[in-house]
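So the structure is just underneath, and the comments pick up after that.
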Amino acid sequence: MFIYLTSGTPAFMEKLKEQYVSEAMIVLHGSGNSILLHETQKKSVFQTPRRYEVISSAGAFADEGYFVLNHIPVTDEGRPIFEHSFKTRSSIVDSELGFIAFRLLRPLNSDTYIMLTEWTDAAHYNRWKDSAVFRDSHFADTLEAGVDNQLHMFSSAPYITTYLTKNNNDDA
């Protein structure tokens, strides 16, 4: 399975989605930009997408939700350690209230992995992010990989972007 992402204006992303109604696409609206997410087994219909291979997943995307993309730049030598830590970890987020879907995306033309989760709303995500279970699971990753390995695993600082399936600029 692959996920392709492309960016553009909200109107253009909606138009592109309507053009390919048979494809699994979701328009995501963020602060200052919109992206179109295309999940497929085939090649993308986008001309120049950001390309990812899905290497771990849970749940199915919904047409409405709150998407959190955790962008994690990983060095070439850190990739096996990073991927192993996610493939061997139990999916503790799956049972969280408000959780809809998860995808771990391996970049095909960059160094930045994306840990993508969909939630029913921001409140459920924030509750998860502030929970002891979240802290414990991330602390366990640090211990498992070792501090020395962690220093060489990441090529730069991770960052998070969030999106809604409803454009906040739309008139209600």
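Labels used: A, B, ... for chains in the order of the structure tokens, numbers from 1 for residues in each chain, and numbers from 1 for ligands as shown.
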Report task. Just the residues within 9 Å of His124 in chain A, please, counting only C-alpha atoms, with nothing from its chain fewer than 6 positions along; format it as a PyMOL selection string. Result -> chain A and resi 96-99
Report task. Would you please give, as a ChimeraX atom specification, all residues of chain A that DSSP assigns to helix (DSSP H, G or I) based on the backbone? Result -> /A:10-19,79-87,92-95,122-129,132-145,147-153
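Interatomic distance, CA of Ile3 in chain A to CA of Thr112 in chain A: 13.7 Å.
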Report task. For Ile160 in chain A, list every protein, DNA or RNA residue within 9 Å, evaluated using only C-alpha atoms, and leave out those in the same chain fewer than 6 positions away; present the list as a list in words. Result -> Val68, Leu69, Asn70, His71 and Ile72 of chain A
Requested in this report: Using only C-alpha atoms, find the one residue out of A:Ala11, A:Leu36, A:Leu5, A:Val21 that sits nearest to Leu164 in chain A.
Outcome: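 The answer is A:Leu36, which sits nearest to Leu164 in chain A.
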Give me the residues of range 70-147 of chain A that have any atom at most 10 Å from an atom of range 45-54 of chain A; for each, the nearest atom pair and the distance in Å, rounded to one decimal. Use only C-alpha atoms, sort by chain and number, and format it as a tab-separated table.
```
residue	atom	partner	partner_atom	distance
A:Phe102	CA	A:Val54	CA	9.9
A:Arg103	CA	A:Val54	CA	6.3
A:Leu104	CA	A:Val54	CA	5.8
A:Leu105	CA	A:Val54	CA	4.7
A:Arg106	CA	A:Glu53	CA	5.1
A:Pro107	CA	A:Tyr52	CA	4.6
A:Leu108	CA	A:Tyr52	CA	5.3
A:Asn109	CA	A:Arg51	CA	6.6
A:Ser110	CA	A:Arg50	CA	8.5
A:Thr112	CA	A:Tyr52	CA	9.6
A:Tyr113	CA	A:Tyr52	CA	8.2
A:Ile114	CA	A:Tyr52	CA	8.5
A:Met115	CA	A:Val54	CA	9.9
```
**Report entry** Å distance separating CA of Thr6 in chain A from CA of Ile92 in chain A, one decimal place
**Finding:** 29.8 Å
Query raised in the report: For Ser85 in chain A, which residue out of A:Ser56, A:Asp63, A:Ile35, A:Ile26 is the nearest one, using only C-alpha atoms?
Result: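 Smallest distance to Ser85 in chain A is found for A:Ser56.
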